[in-house]
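Here the structure is laid out as structure tokens; the discussion comes afterwards.
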Amino acid sequence: MPINPFVATVIRWWLQQTSSTHRKEAGFALPLALGLGFVMVVLGLTMLMTAQSDRITSWQRKESGASLSTAEGGMARTLAQLTNPNNAMLLNRNYDTINIKTGKTYLGADGIFNSGDEETALIDEWTSYNPSNEPCHQQMNWGVPNFQFSGSIGDNGTYSLKAYRYDPKQQQGTLFVEATTNGQATGIIITINVTPDLDNFPGIIASRNTNGAFKTGTLALRGREVLGSKGNIYYNPDGSANSSLTNSAAPGDASRADYLDAIWSTDGEDFDADGSPIDTVEGKIFACNLPPKLPTTIQGTNFGRITTSTTLKGVGSMTPTLYRVESIDLDNDEVLTIDTTGGPVQIDVIYGGTDPELAITLRDNAKILNIRTDDQLPQVGDLRILARGNSQVNLFDRSCIQNAFLWFPIDELRLLTSGPGCPGGRNTNVEGVLWMEAILALKDKENHRDVNFLNGFNGTNYDQPKNTFYPLANSRVTTGIAVPEDVSSLMDLLKYVEWPARYRFGGVKNWQRVRL
């Protein structure tokens, strides 16, 4: 950098004056000049380095912006793939890869980046998932998932889906996409609403378990009512009165009579055929085996046999309070009250007592009720009664199970009732969601068709109730089952049953950039 002429003149004059008046300080001028020159050199270098740094920062900003654009493009492509029905079925499953910098998953169960709950093992429920061969999926003809986890954008940009976590309680999903452009990495996390179409929700399942006996998954409705738009029926064709049916029928469809006939609920003129002169099912009827496979969980306090009025409470807020029972055997006006005000309750029915097959027996006006005391409506998913062994449910007289989910994969529900018993005035003995091995209603007349449930497995006709002293009704009984309209409290179970749900995502709840 050149020195200003005026400054140079002043310095030269000052040096001359100093030389003439202070000759004893001779030799000082040269070091001073050298010092000033060094200062000028340092200033020049500083300006050069600042300019270079500005250029580097500008380049980094440019490349960072480019990688952000790549990440946004990759997220858009990812979401576009998930609109296809064959890929949308992945939205209720989890995928979370390992971050090589931390040795743990990216999001963890809570779907939050670096929150501390990340796992050390890969979570992958996507890459090998293929339900296309399942009977109910074959009716939809959606095909195999073909999701692409990564791709390129532009000349130098790449992106990859690193994680997706689904929260069924909140009905939301969180995706993390990482992108790189010219060596600059950027990540984007978004949280979106994710909800399934529930028009065909499986309110009633009669299924043959994987290791189940021959001729199970049987539904013998015999004119009992199934109320509610979510009261869709899924049954195993091999355990029905017509094994050739492989599709579905809605009310009013031309084939509806065939499907009613298959579940022993003929709606023809011949009342003696099954005891049902009209169609009593409000939902659709699906002929496809749909066995739920719920995971094994820990079990709670064992209450043994419940034989008198009892109250069990949920106290865990969002976490289910766990109980075990050997059987529930109530009569007269006895009630098992489940108070879910303080949180959901899960009851596991285990082997025990003199007859382990009789898990639940309700006579007279006995009831199992899910209640709340805070003016909120009880949720069907807040009371779950589960059994993994031979555990039969027998309902007699005007008994009732209300606001409950029942999963009994190796035994049946027998509707042996003579009239409605549930509070609220509906024509019901069960109000809830039933996933059973079979549901068998009592014949109204001796000449009604036999079901022959399990016949061929050990040669015994199990159509008649074991308690043979209970008389046949000898008149038409329509009291049946109501499936609630609000089944949102059961969304966490849908991944354990191969029901072909069409999941859709809505608005973005959260958007976050992650610098890597």
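Following the order of the structure tokens, chains are lettered A, B, ..., residues in each are numbered from 1, and ligands are numbered from 1.
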DSSP on the backbone: what in region 263-386 of chain A comes out strand (DSSP E or B), as a PyMOL selection string? chain A and resi 281+285-287+301-302+305-306+310-313+321-325+327-330+335-339+345-349+358-362+367-371+383-386
May I have the residues within 10 Å of Pro423 (chain A) as a list of chain:residue names, using only C-alpha atoms and disregarding those fewer than 3 positions away in the same chain?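 Once the adjacent positions are removed, what remains is A:Lys367, A:Leu369, A:Cys400, A:Ile401, A:Gln402, A:Pro420, A:Arg426, A:Asn427, A:Thr428, A:Asn429, A:Glu431.
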Interatomic distance between CA of Ile189 (chain A) and CA of Val514 (chain A)?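 These two atoms are separated by 7.3 Å.
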Just to confirm, what's the straight-line distance from CA of Leu330 (chain A) to CA of Thr307 (chain A) in Å (one decimal)? 5.4 Å
